[in-house]
Structures are given as C-alpha cells and as structure tokens.
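Text of start-v8.cif (mmCIF, C-alpha atoms) as supplied:
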data_query
loop_
_atom_site.group_PDB
_atom_site.id
_atom_site.type_symbol
_atom_site.label_atom_id
_atom_site.label_comp_id
_atom_site.auth_asym_id
_atom_site.auth_seq_id
_atom_site.Cartn_x
_atom_site.Cartn_y
_atom_site.Cartn_z
ATOM 1 C CA MET A 1 0.000 0.000 0.000
ATOM 2 C CA GLU A 2 1.306 3.441 -0.918
ATOM 3 C CA ASN A 3 2.225 5.757 1.922
ATOM 4 C CA LYS A 4 -0.236 8.392 0.777
ATOM 5 C CA GLU A 5 -3.036 5.832 0.622
ATOM 6 C CA VAL A 6 -2.318 4.877 4.210
ATOM 7 C CA TYR A 7 -2.436 8.492 5.335
ATOM 8 C CA ASP A 8 -5.690 8.971 3.451
ATOM 9 C CA GLU A 9 -7.158 5.902 5.045
ATOM 10 C CA ILE A 10 -6.230 6.947 8.571
ATOM 11 C CA SER A 11 -7.463 10.490 8.142
ATOM 12 C CA SER A 12 -10.699 9.286 6.599
ATOM 13 C CA ILE A 13 -11.233 7.134 9.682
ATOM 14 C CA LYS A 14 -10.604 10.049 12.034
ATOM 15 C CA ASN A 15 -12.733 12.340 9.923
ATOM 16 C CA ILE A 16 -15.754 10.068 9.845
ATOM 17 C CA MET A 17 -15.499 9.402 13.579
ATOM 18 C CA GLU A 18 -15.584 13.119 14.284
ATOM 19 C CA ARG A 19 -18.407 13.726 11.854
ATOM 20 C CA SER A 20 -20.494 10.962 13.353
ATOM 21 C CA THR A 21 -20.180 12.187 16.930
ATOM 22 C CA ARG A 22 -19.979 15.946 16.667
ATOM 23 C CA PHE A 23 -22.717 18.351 15.740
ATOM 24 C CA ILE A 24 -20.978 20.875 13.542
ATOM 25 C CA SER A 25 -23.910 22.952 12.400
ATOM 26 C CA LEU A 26 -23.764 25.064 15.529
ATOM 27 C CA SER A 27 -23.749 28.658 14.380
ATOM 28 C CA GLY A 28 -20.998 30.956 15.613
ATOM 29 C CA LEU A 29 -23.183 33.909 14.734
ATOM 30 C CA SER A 30 -25.749 32.847 17.318
ATOM 31 C CA GLY A 31 -23.023 33.236 19.944
ATOM 32 C CA VAL A 32 -22.490 36.821 18.815
ATOM 33 C CA MET A 33 -26.230 37.525 18.944
ATOM 34 C CA ALA A 34 -26.555 36.007 22.404
ATOM 35 C CA GLY A 35 -23.669 38.217 23.520
ATOM 36 C CA ILE A 36 -25.372 41.303 22.171
ATOM 37 C CA TYR A 37 -28.649 40.432 23.878
ATOM 38 C CA ALA A 38 -26.810 39.851 27.143
ATOM 39 C CA LEU A 39 -25.015 43.205 26.948
ATOM 40 C CA ILE A 40 -28.256 45.051 26.205
ATOM 41 C CA GLY A 41 -29.978 43.190 29.017
ATOM 42 C CA SER A 42 -27.225 43.987 31.509
ATOM 43 C CA TRP A 43 -27.268 47.646 30.533
ATOM 44 C CA LEU A 44 -31.049 47.775 30.933
ATOM 45 C CA ALA A 45 -30.938 45.975 34.268
ATOM 46 C CA TYR A 46 -28.270 48.316 35.539
ATOM 47 C CA ASN A 47 -30.063 51.480 34.466
ATOM 48 C CA ILE A 48 -33.540 50.531 35.489
ATOM 49 C CA ILE A 49 -32.568 50.686 39.124
ATOM 50 C CA PRO A 50 -32.481 54.257 40.465
ATOM 51 C CA GLU A 51 -29.023 55.444 41.496
ATOM 52 C CA PHE A 52 -29.703 55.555 45.210
ATOM 53 C CA LEU A 53 -30.823 51.947 45.272
ATOM 54 C CA LYS A 54 -27.934 50.471 43.272
ATOM 55 C CA PRO A 55 -25.802 49.412 46.261
ATOM 56 C CA TYR A 56 -28.700 47.463 47.735
ATOM 57 C CA VAL A 57 -29.781 45.280 44.867
ATOM 58 C CA PHE A 58 -27.640 42.272 45.437
ATOM 59 C CA ILE A 59 -27.531 42.152 49.216
ATOM 60 C CA PRO A 60 -29.675 39.704 51.192
ATOM 61 C CA ASP A 61 -32.737 40.746 53.147
ATOM 62 C CA ASP A 62 -31.124 40.825 56.550
ATOM 63 C CA LYS A 63 -28.455 43.384 55.592
ATOM 64 C CA PRO A 64 -29.048 47.056 56.456
ATOM 65 C CA GLY A 65 -30.456 49.104 53.653
ATOM 66 C CA LYS A 66 -32.469 46.285 52.170
ATOM 67 C CA GLU A 67 -35.688 47.745 53.604
ATOM 68 C CA LEU A 68 -35.109 50.712 51.373
ATOM 69 C CA PHE A 69 -35.024 48.432 48.366
ATOM 70 C CA ASN A 70 -37.995 46.395 49.452
ATOM 71 C CA LYS A 71 -40.102 49.425 50.316
ATOM 72 C CA SER A 72 -39.850 50.922 46.843
ATOM 73 C CA ASN A 73 -43.074 50.633 44.923
ATOM 74 C CA VAL A 74 -41.683 49.043 41.853
ATOM 75 C CA ASN A 75 -40.587 45.453 42.091
ATOM 76 C CA TYR A 76 -37.133 45.878 40.564
ATOM 77 C CA LEU A 77 -36.240 42.310 41.154
ATOM 78 C CA PHE A 78 -39.161 41.184 39.062
ATOM 79 C CA ILE A 79 -38.115 43.513 36.236
ATOM 80 C CA ILE A 80 -34.550 42.175 36.312
ATOM 81 C CA LEU A 81 -35.902 38.640 36.130
ATOM 82 C CA LEU A 82 -38.028 39.565 33.153
ATOM 83 C CA ILE A 83 -35.015 41.020 31.398
ATOM 84 C CA ALA A 84 -33.006 37.887 32.136
ATOM 85 C CA ALA A 85 -35.797 35.682 30.817
ATOM 86 C CA ALA A 86 -36.058 37.783 27.679
ATOM 87 C CA VAL A 87 -32.302 37.508 27.061
ATOM 88 C CA LEU A 88 -32.497 33.761 27.544
ATOM 89 C CA LEU A 89 -35.466 33.241 25.232
ATOM 90 C CA LEU A 90 -34.099 35.510 22.525
ATOM 91 C CA SER A 91 -30.711 33.795 22.646
ATOM 92 C CA ILE A 92 -32.238 30.328 22.420
ATOM 93 C CA GLY A 93 -34.593 31.348 19.641
ATOM 94 C CA THR A 94 -31.889 33.019 17.583
ATOM 95 C CA GLY A 95 -29.571 30.103 18.213
ATOM 96 C CA ILE A 96 -32.088 27.570 16.961
ATOM 97 C CA TRP A 97 -32.932 29.665 13.931
ATOM 98 C CA LEU A 98 -29.337 30.337 12.850
ATOM 99 C CA THR A 99 -28.249 26.767 13.543
ATOM 100 C CA SER A 100 -31.138 25.330 11.516
ATOM 101 C CA ARG A 101 -30.225 27.668 8.693
ATOM 102 C CA LYS A 102 -26.597 26.576 8.764
ATOM 103 C CA ALA A 103 -27.542 22.897 8.909
ATOM 104 C CA HIS A 104 -29.877 23.333 5.974
ATOM 105 C CA ARG A 105 -27.131 24.990 3.943
ATOM 106 C CA ASN A 106 -24.723 22.175 4.748
ATOM 107 C CA ARG A 107 -27.441 19.718 3.800
ATOM 108 C CA GLN A 108 -27.299 18.199 7.259
ATOM 109 C CA SER A 109 -30.139 17.486 9.607
ATOM 110 C CA VAL A 110 -30.587 19.601 12.712
ATOM 111 C CA TRP A 111 -32.012 16.815 14.785
ATOM 112 C CA ASN A 112 -29.705 13.832 14.675
ATOM 113 C CA GLN A 113 -27.723 11.583 16.915
ATOM 114 C CA SER A 114 -25.019 14.123 17.661
ATOM 115 C CA SER A 115 -27.377 17.029 18.323
ATOM 116 C CA ARG A 116 -29.402 14.832 20.644
ATOM 117 C CA ALA A 117 -26.257 13.879 22.550
ATOM 118 C CA LEU A 118 -25.251 17.544 22.612
ATOM 119 C CA LEU A 119 -28.533 18.561 24.178
ATOM 120 C CA SER A 120 -28.770 15.785 26.697
ATOM 121 C CA SER A 121 -25.232 16.301 27.939
ATOM 122 C CA GLY A 122 -25.687 20.069 28.234
ATOM 123 C CA LEU A 123 -29.150 19.983 29.736
ATOM 124 C CA ILE A 124 -28.191 18.279 32.968
ATOM 125 C CA PRO A 125 -25.938 21.072 34.310
ATOM 126 C CA LEU A 126 -28.272 23.647 32.791
ATOM 127 C CA LEU A 127 -31.456 22.348 34.402
ATOM 128 C CA THR A 128 -29.654 21.822 37.689
ATOM 129 C CA GLY A 129 -28.457 25.417 37.490
ATOM 130 C CA GLY A 130 -31.965 26.602 36.705
ATOM 131 C CA CYS A 131 -33.401 24.868 39.750
ATOM 132 C CA PHE A 132 -30.494 26.083 41.851
ATOM 133 C CA ILE A 133 -31.161 29.696 40.847
ATOM 134 C CA ILE A 134 -34.905 29.409 41.408
ATOM 135 C CA ILE A 135 -34.310 28.096 44.909
ATOM 136 C CA LEU A 136 -31.797 30.895 45.530
ATOM 137 C CA LEU A 137 -34.384 33.448 44.464
ATOM 138 C CA TRP A 138 -36.968 31.873 46.690
ATOM 139 C CA GLN A 139 -34.597 32.003 49.649
ATOM 140 C CA HIS A 140 -33.491 35.547 48.844
ATOM 141 C CA TYR A 141 -29.825 34.655 48.363
ATOM 142 C CA TYR A 142 -29.482 37.140 45.550
ATOM 143 C CA MET A 143 -25.731 37.522 45.701
ATOM 144 C CA VAL A 144 -25.139 33.980 44.475
ATOM 145 C CA ILE A 145 -27.386 34.208 41.439
ATOM 146 C CA ALA A 146 -24.984 35.810 38.943
ATOM 147 C CA PRO A 147 -22.152 33.426 39.937
ATOM 148 C CA ALA A 148 -24.528 30.469 39.701
ATOM 149 C CA CYS A 149 -25.595 31.482 36.183
ATOM 150 C CA LEU A 150 -22.020 31.648 35.002
ATOM 151 C CA ILE A 151 -20.818 28.495 36.727
ATOM 152 C CA PHE A 152 -23.639 26.160 35.701
ATOM 153 C CA TYR A 153 -23.703 27.505 32.169
ATOM 154 C CA GLY A 154 -19.939 27.088 31.924
ATOM 155 C CA LEU A 155 -20.195 23.499 33.148
ATOM 156 C CA ALA A 156 -22.952 22.821 30.623
ATOM 157 C CA LEU A 157 -20.704 24.078 27.828
ATOM 158 C CA VAL A 158 -17.819 21.909 28.975
ATOM 159 C CA ALA A 159 -20.086 18.858 29.019
ATOM 160 C CA ALA A 160 -21.611 19.636 25.638
ATOM 161 C CA SER A 161 -18.280 20.449 23.982
ATOM 162 C CA GLN A 162 -17.751 16.719 23.545
ATOM 163 C CA TYR A 163 -20.540 16.635 20.964
ATOM 164 C CA THR A 164 -19.800 19.769 19.023
ATOM 165 C CA TYR A 165 -16.838 22.060 18.384
ATOM 166 C CA GLY A 166 -14.228 21.427 21.033
ATOM 167 C CA ASP A 167 -13.507 25.169 21.287
ATOM 168 C CA VAL A 168 -16.711 25.567 23.254
ATOM 169 C CA LYS A 169 -14.984 23.892 26.199
ATOM 170 C CA TRP A 170 -12.710 26.907 26.702
ATOM 171 C CA LEU A 171 -15.620 29.334 26.688
ATOM 172 C CA GLY A 172 -17.206 27.107 29.332
ATOM 173 C CA LEU A 173 -14.100 27.100 31.498
ATOM 174 C CA LEU A 174 -13.740 30.878 31.233
ATOM 175 C CA ASP A 175 -17.359 31.311 32.309
ATOM 176 C CA VAL A 176 -16.786 29.042 35.299
ATOM 177 C CA ILE A 177 -13.780 31.136 36.333
ATOM 178 C CA LEU A 178 -15.767 34.354 35.952
ATOM 179 C CA GLY A 179 -18.519 32.791 38.027
ATOM 180 C CA LEU A 180 -16.110 31.947 40.815
ATOM 181 C CA LEU A 181 -14.730 35.501 40.667
ATOM 182 C CA ALA A 182 -18.265 36.851 40.906
ATOM 183 C CA LEU A 183 -18.751 34.717 43.989
ATOM 184 C CA MET A 184 -15.651 36.286 45.550
ATOM 185 C CA MET A 185 -16.649 39.829 44.602
ATOM 186 C CA PRO A 186 -20.438 40.137 44.884
ATOM 187 C CA ALA A 187 -20.395 43.831 44.100
ATOM 188 C CA TYR A 188 -19.146 43.021 40.612
ATOM 189 C CA GLY A 189 -21.770 40.363 39.977
ATOM 190 C CA LEU A 190 -23.579 42.164 37.192
ATOM 191 C CA LEU A 191 -20.346 43.310 35.573
ATOM 192 C CA LEU A 192 -18.886 39.822 35.484
ATOM 193 C CA TRP A 193 -22.210 38.462 34.225
ATOM 194 C CA ALA A 194 -22.083 40.977 31.372
ATOM 195 C CA LEU A 195 -18.480 39.964 30.689
ATOM 196 C CA GLY A 196 -19.151 36.232 30.674
ATOM 197 C CA PHE A 197 -22.423 36.215 28.764
ATOM 198 C CA GLY A 198 -21.879 39.343 26.713
ATOM 199 C CA VAL A 199 -18.295 40.121 25.804
ATOM 200 C CA LEU A 200 -16.999 36.540 25.803
ATOM 201 C CA HIS A 201 -19.853 35.306 23.653
ATOM 202 C CA ILE A 202 -19.333 38.027 21.083
ATOM 203 C CA LEU A 203 -15.623 37.226 21.035
ATOM 204 C CA TYR A 204 -16.097 33.475 20.769
ATOM 205 C CA GLY A 205 -18.946 33.724 18.322
ATOM 206 C CA THR A 206 -16.814 35.845 16.031
ATOM 207 C CA ILE A 207 -13.861 33.466 16.240
ATOM 208 C CA MET A 208 -16.076 30.464 15.528
ATOM 209 C CA TYR A 209 -17.783 32.281 12.672
ATOM 210 C CA TYR A 210 -14.475 32.973 10.952
ATOM 211 C CA LYS A 211 -13.131 29.551 11.746
ATOM 212 C CA TYR A 212 -16.081 27.386 10.735
ATOM 213 C CA ASP A 213 -19.054 29.233 9.267
ATOM 214 C CA ARG A 214 -17.379 31.137 6.527
ATOM 215 C CA GLU A 215 -15.601 28.285 4.804
ATOM 216 C CA ASN A 216 -18.911 26.839 3.707
ATOM 217 C CA ASN A 217 -20.698 29.852 2.397
ATOM 218 C CA ALA A 218 -20.420 33.563 2.190
ATOM 219 C CA ASP A 219 -23.051 34.933 4.516
ATOM 220 C CA MET B 1 9.174 -5.679 13.248
ATOM 221 C CA LYS B 2 7.786 -6.907 10.018
ATOM 222 C CA ILE B 3 4.139 -6.246 9.393
ATOM 223 C CA THR B 4 2.548 -9.047 7.468
ATOM 224 C CA LEU B 5 -0.137 -8.312 4.965
ATOM 225 C CA THR B 6 -2.509 -10.537 6.915
ATOM 226 C CA ASP B 7 -2.755 -7.837 9.582
ATOM 227 C CA PHE B 8 -4.864 -5.865 7.160
ATOM 228 C CA ASP B 9 -8.420 -7.036 7.336
ATOM 229 C CA LYS B 10 -9.984 -7.986 4.033
ATOM 230 C CA ALA B 11 -13.352 -6.870 5.281
ATOM 231 C CA PHE B 12 -12.073 -3.301 5.535
ATOM 232 C CA GLU B 13 -10.555 -3.196 2.101
ATOM 233 C CA ASN B 14 -13.630 -1.334 0.966
ATOM 234 C CA ARG B 15 -13.595 2.311 2.065
ATOM 235 C CA ILE B 16 -17.311 2.373 2.946
ATOM 236 C CA ARG B 17 -16.988 -0.700 5.139
ATOM 237 C CA LEU B 18 -14.054 0.831 6.938
ATOM 238 C CA GLN B 19 -16.066 3.988 7.478
ATOM 239 C CA ILE B 20 -19.084 2.090 8.779
ATOM 240 C CA MET B 21 -16.878 0.292 11.251
ATOM 241 C CA SER B 22 -15.256 3.580 12.303
ATOM 242 C CA VAL B 23 -18.649 5.109 13.036
ATOM 243 C CA LEU B 24 -19.768 2.090 15.060
ATOM 244 C CA VAL B 25 -16.551 2.080 17.051
ATOM 245 C CA ALA B 26 -16.919 5.791 17.845
ATOM 246 C CA ASN B 27 -20.597 5.561 18.812
ATOM 247 C CA GLU B 28 -22.490 3.144 21.024
ATOM 248 C CA SER B 29 -24.884 2.492 18.188
ATOM 249 C CA TYR B 30 -25.970 4.098 14.951
ATOM 250 C CA ASP B 31 -29.115 3.760 12.921
ATOM 251 C CA PHE B 32 -29.401 2.955 9.246
ATOM 252 C CA ASN B 33 -30.655 6.333 8.072
ATOM 253 C CA SER B 34 -28.046 8.278 10.016
ATOM 254 C CA LEU B 35 -25.369 6.095 8.432
ATOM 255 C CA LYS B 36 -26.851 6.723 5.030
ATOM 256 C CA ASP B 37 -26.828 10.506 5.548
ATOM 257 C CA LEU B 38 -23.338 10.491 6.978
ATOM 258 C CA LEU B 39 -21.722 8.345 4.290
ATOM 259 C CA ALA B 40 -23.798 9.712 1.417
ATOM 260 C CA VAL B 41 -24.571 6.328 -0.102
ATOM 261 C CA THR B 42 -27.730 4.768 -1.430
ATOM 262 C CA ASP B 43 -29.993 2.439 0.525
ATOM 263 C CA GLY B 44 -28.954 -0.606 -1.446
ATOM 264 C CA ASN B 45 -25.251 0.169 -1.374
ATOM 265 C CA LEU B 46 -25.276 0.673 2.384
ATOM 266 C CA ALA B 47 -27.366 -2.426 2.970
ATOM 267 C CA SER B 48 -24.961 -4.650 1.049
ATOM 268 C CA HIS B 49 -21.934 -3.377 2.971
ATOM 269 C CA LEU B 50 -23.744 -3.836 6.270
ATOM 270 C CA LYS B 51 -24.676 -7.376 5.300
ATOM 271 C CA ALA B 52 -21.047 -8.149 4.558
ATOM 272 C CA LEU B 53 -19.961 -6.842 7.970
ATOM 273 C CA GLU B 54 -22.785 -8.760 9.614
ATOM 274 C CA LYS B 55 -21.602 -11.931 7.898
ATOM 275 C CA GLU B 56 -18.162 -11.444 9.441
ATOM 276 C CA GLU B 57 -19.955 -10.982 12.780
ATOM 277 C CA TYR B 58 -18.295 -7.602 13.146
ATOM 278 C CA ILE B 59 -21.609 -5.856 13.736
ATOM 279 C CA SER B 60 -25.019 -6.768 15.066
ATOM 280 C CA VAL B 61 -28.392 -5.359 14.138
ATOM 281 C CA THR B 62 -31.472 -4.521 16.180
ATOM 282 C CA LYS B 63 -34.718 -3.737 14.431
ATOM 283 C CA SER B 64 -37.406 -1.868 16.297
ATOM 284 C CA PHE B 65 -40.112 0.715 15.807
ATOM 285 C CA LEU B 66 -40.109 4.387 16.743
ATOM 286 C CA GLY B 67 -43.839 4.844 16.880
ATOM 287 C CA ARG B 68 -44.826 3.603 13.472
ATOM 288 C CA LYS B 69 -41.485 4.154 11.774
ATOM 289 C CA PRO B 70 -39.105 1.223 11.576
ATOM 290 C CA ASN B 71 -35.732 1.888 13.168
ATOM 291 C CA THR B 72 -32.733 -0.292 12.460
ATOM 292 C CA ARG B 73 -29.741 0.164 14.725
ATOM 293 C CA TYR B 74 -26.281 -1.256 14.381
ATOM 294 C CA VAL B 75 -23.749 -1.996 17.072
ATOM 295 C CA ALA B 76 -20.127 -3.028 16.693
ATOM 296 C CA SER B 77 -19.442 -6.447 18.179
ATOM 297 C CA ALA B 78 -16.438 -7.164 20.377
ATOM 298 C CA LYS B 79 -15.030 -9.206 17.498
ATOM 299 C CA GLY B 80 -15.543 -6.278 15.157
ATOM 300 C CA ILE B 81 -13.936 -3.759 17.475
ATOM 301 C CA THR B 82 -10.907 -5.993 17.914
ATOM 302 C CA ALA B 83 -10.591 -6.514 14.169
ATOM 303 C CA PHE B 84 -10.894 -2.790 13.564
ATOM 304 C CA LYS B 85 -8.256 -1.914 16.123
ATOM 305 C CA LYS B 86 -5.925 -4.508 14.650
ATOM 306 C CA HIS B 87 -6.419 -3.001 11.204
ATOM 307 C CA LEU B 88 -5.784 0.487 12.576
ATOM 308 C CA TYR B 89 -2.571 -0.571 14.306
ATOM 309 C CA ALA B 90 -1.404 -2.218 11.119
ATOM 310 C CA LEU B 91 -1.973 1.039 9.227
ATOM 311 C CA GLU B 92 -0.165 3.131 11.817
ATOM 312 C CA ASN B 93 2.741 0.709 11.983
ATOM 313 C CA LEU B 94 3.084 0.794 8.226
ATOM 314 C CA ILE B 95 3.581 4.531 8.396
ATOM 315 C CA LYS B 96 6.110 4.193 11.220
ATOM 316 C CA GLN B 97 7.989 1.595 9.228
ATOM 317 C CA GLN B 98 8.086 3.629 6.064
ATOM 318 C CA LYS B 99 9.294 6.645 7.987
ATOM 319 C CA GLY B 100 12.458 4.608 8.473
#
Using structure tokens, write down the structure from this file.
Amino acid sequence: MENKEVYDEISSIKNIMERSTRFISLSGLSGVMAGIYALIGSWLAYNIIPEFLKPYVFIPDDKPGKELFNKSNVNYLFIILLIAAAVLLLSIGTGIWLTSRKAHRNRQSVWNQSSRALLSSGLIPLLTGGCFIIILLWQHYYMVIAPACLIFYGLALVAASQYTYGDVKWLGLLDVILGLLALMMPAYGLLLWALGFGVLHILYGTIMYYKYDRENNAD
Amino acid sequence: MKITLTDFDKAFENRIRLQIMSVLVANESYDFNSLKDLLAVTDGNLASHLKALEKEEYISVTKSFLGRKPNTRYVASAKGITAFKKHLYALENLIKQQKG
C-alpha cells in the first residue's frame, strides 16, 4: 500500500469518527447575537434601578439598607428577572434559527444523533443550574445568582463540547472562572455576568464564525 | 518488526466498510438512516456493505419501531472492534515503518 493511501485511510477514519459524533452545524453567529442580547440586558438591568438603590440590589434581606429596596413601589427584582428571561429566550430562539439555517445549507439534519447527545449532555448542568437559581431566588440569596448562572452555564458548555466544536470547552471554562470571581466579589456580579455572557460570547462567536461558518458559504 | 499483509483485514478493504466500522466504534450504536446521511450512499449500497460486515460478525443489528417508523440500529461487536483496532494498528505501523 502506498504511503499516501495509508495516510488517506487513517485520516478518513478520524474524519468520519468526528463527523459521526460531533454536531458541527452550531452557528458561531448565534453566539455573537446572544452576547449582544446579554449586553443590552445587563445595561437595561443596571439602568432601570435608580441610582440611590444600586448598592442594595444584590444584598440579602437581613443586611441594612435592604428595607429601602424592598419598600420601593416598583418590584425591581421582578423587572430584572423579566429582562433575564427575555435575554435567555431571545438567545435560544436566535440560536435555533441560525443553527437550523446553517444545517440546511450544509445539507445536514438539525435533529440527529449528535445534536441529541449535545442537548442531553448540556441539559443536565443547565437544568440543575436553573433549579439552583430558582431556589436561591426563593430564599433571597441574591448575591449567588450571577455566579450560579455563570458556573452552571460554563459546566454545561464543557459537558456539551464533547458533541460539538471542542472550542466551546474553553468558553465554558472561562465562564466558570468568571462565576467563581463573581462569587468572591459580589459587588461586581452584574459586571462579570455581562463579561461572561456578553463580551466573551461576542468574542467566541466571532472566532467560531471565521473559523467554521465562513468556509462553507459567504453569509 | 515486520508487518505481514494478513494484519490488514480484508473486510475493511472497501472504504465504505471501513467507514461504517469507524462510526460504530466511535458511537455506542448508529441507525441505518443516520449512516446513510453520513456516508452519502444509497440504501442498497449501504445495505450490502452492512450485510457483509454482519456476515463477518463484526456488527449486530437490532430492528425496532419508533412509533410507526421502523428503526434499524447497528452496534459493533467485540469481534468487530478488535478486528478494527488490529487493522488500525497495522496502518499506523506501516507509516512508522516507512518513515524509516
């Protein structure tokens, strides 16, 4: 057997193994969009709270000053939650739309063995995180919410990176680190949240777009 | 160390069969239609290659229904995985040898 034939054979084996296990229609652009939504959401959340109340948003009920926050007529917490939910839904929706579009262009199916594995591996940390955050809200431990978002999401990305582009693992790890930092510095919770979900996603999405999305088709 | 030609498995001489085996080694199982999409072959072509691998007892098949749709899944057998690994080692060793 010719040397070149052997190389071809081995690389075709590796190639087909990767293609059969990894979902490569994930759109880098959806990462950028999610980042933009997150930045807008953070900006809105930050500015919706009147200046004099800002220091008291993320402290628990038993700390001094919280009565001031709780006595205000508008339920700022509820508004922040709405913004967060909107960011989440928009990001998911855009992600699904752009990914389906990319899969269609590559003549691949969106729902296949690898995408199913991707979802099931990522959903466990994600759902756990969701429940964790809901319980935190219920128990008024607001300071841990931003860190929890970042950490559980980061872990979900690390788990899911096995079934899609491996690069996603590093974004996940960075988000985990930012989450731990947010835990150490509660005052910077919102800032680090904006960094992890906003800036990093725009950065990563752009890198992935240039690395993977463009080679197939000019957008 | 001399690599004999018998280390290369005849069953994997065909590129499609080698690819099928690769997929089944990398995944716990894989269904017929997913294989077809992945390898971009026709129904009949794929079926004949799968039959050949089945004959060698390198893979096993499970037929079931997903609702009303028939679902045929393939799994690599221990014999098949061993044969595949042996073939892979033979390929890698050939490169090492030729590198001198």
What's the separation between atom CA of Val158 of chain A and atom CA of Gly172 of chain A, in Å to one decimal place? 5.2 Å
Resolved residues for the PyMOL selection byres ((chain A and resi 83) around 12) as a JSON list (two decimals) with C-alpha atoms, keeping the file's coordinate frame:
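What follows is the written file selection_34.json:
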[["chain", "number", "residue", "atom", "x", "y", "z"],
["A", 37, "TYR", "CA", -28.65, 40.43, 23.88],
["A", 38, "ALA", "CA", -26.81, 39.85, 27.14],
["A", 39, "LEU", "CA", -25.02, 43.20, 26.95],
["A", 40, "ILE", "CA", -28.26, 45.05, 26.20],
["A", 41, "GLY", "CA", -29.98, 43.19, 29.02],
["A", 42, "SER", "CA", -27.22, 43.99, 31.51],
["A", 43, "TRP", "CA", -27.27, 47.65, 30.53],
["A", 44, "LEU", "CA", -31.05, 47.78, 30.93],
["A", 45, "ALA", "CA", -30.94, 45.98, 34.27],
["A", 46, "TYR", "CA", -28.27, 48.32, 35.54],
["A", 47, "ASN", "CA", -30.06, 51.48, 34.47],
["A", 48, "ILE", "CA", -33.54, 50.53, 35.49],
["A", 76, "TYR", "CA", -37.13, 45.88, 40.56],
["A", 77, "LEU", "CA", -36.24, 42.31, 41.15],
["A", 78, "PHE", "CA", -39.16, 41.18, 39.06],
["A", 79, "ILE", "CA", -38.12, 43.51, 36.24],
["A", 80, "ILE", "CA", -34.55, 42.18, 36.31],
["A", 81, "LEU", "CA", -35.90, 38.64, 36.13],
["A", 82, "LEU", "CA", -38.03, 39.56, 33.15],
["A", 84, "ALA", "CA", -33.01, 37.89, 32.14],
["A", 85, "ALA", "CA", -35.80, 35.68, 30.82],
["A", 86, "ALA", "CA", -36.06, 37.78, 27.68],
["A", 87, "VAL", "CA", -32.30, 37.51, 27.06],
["A", 88, "LEU", "CA", -32.50, 33.76, 27.54],
["A", 89, "LEU", "CA", -35.47, 33.24, 25.23],
["A", 90, "LEU", "CA", -34.10, 35.51, 22.52]]
Write out as a list of chain:residue names which residues come within 8 Å of Tyr58 of chain B when counting all atoms listed in the file, dropping same-chain ones fewer than 6 positions away. B:Ala76, B:Ser77, B:Ala78, B:Lys79, B:Gly80, B:Ile81, B:Ala83
For the structure provided, state which residues fall under the PyMOL selection byres ((chain B and resi 19) around 8), and present them as a PyMOL selection string. (chain A and resi 12-13+16) or (chain B and resi 15-18+20-23+39)
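Going from atom CA of Val176 of chain A to atom CA of Phe132 of chain A covers 15.5 Å.
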Contact check, chain B to chain A, at most 8 Å, counting all atoms listed in the file, closest pairs as CSV:
residue,atom,partner,partner_atom,distance
B:Arg15,CA,A:Glu9,CA,8.0
B:Leu18,CA,A:Ile13,CA,7.4
B:Gln19,CA,A:Ile13,CA,6.2
B:Ser22,CA,A:Met17,CA,6.0
B:Val23,CA,A:Met17,CA,5.4
B:Ala26,CA,A:Met17,CA,5.8
B:Asn27,CA,A:Thr21,CA,6.9
B:Tyr30,CA,A:Gln113,CA,7.9
B:Ser34,CA,A:Asn112,CA,7.4
B:Asp37,CA,A:Gln108,CA,7.9
B:Leu38,CA,A:Ser20,CA,7.0
B:Leu88,CA,A:Ile10,CA,7.6
B:Leu91,CA,A:Val6,CA,6.3
B:Glu92,CA,A:Ile10,CA,7.9
B:Leu94,CA,A:Val6,CA,7.9
B:Ile95,CA,A:Asn3,CA,6.7
B:Gln98,CA,A:Asn3,CA,7.5
Skip Val61 of chain B itself and residues of its chain fewer than 6 positions away, then list as a PyMOL selection string all residues within 7 Å of it, counting only C-alpha atoms. chain B and resi 72-75
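The gap separating atom CA of Ser100 of chain A from atom CA of Ser25 of chain A is 7.7 Å, in Å to one decimal.
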Quick one: of A:Leu150, A:Ala103, A:Asp213, A:Tyr141, who's nearest to Trp193 of chain A, counting all atoms listed in the file? A:Leu150
Apply the PyMOL selection byres ((chain B and resi 49) around 12) to the structure shown and report the selected residues as a count of residues only. 32
Contacts of Phe152 of chain A within 7 Å, all atoms listed in the file, excl. fewer than 5 positions in-chain, as a CSV table (one decimal) with C-alpha atoms, keeping the file's coordinate frame:
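Result file part.csv:
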chain,number,residue,atom,x,y,z
A,125,PRO,CA,-25.9,21.1,34.3
A,126,LEU,CA,-28.3,23.6,32.8
A,129,GLY,CA,-28.5,25.4,37.5
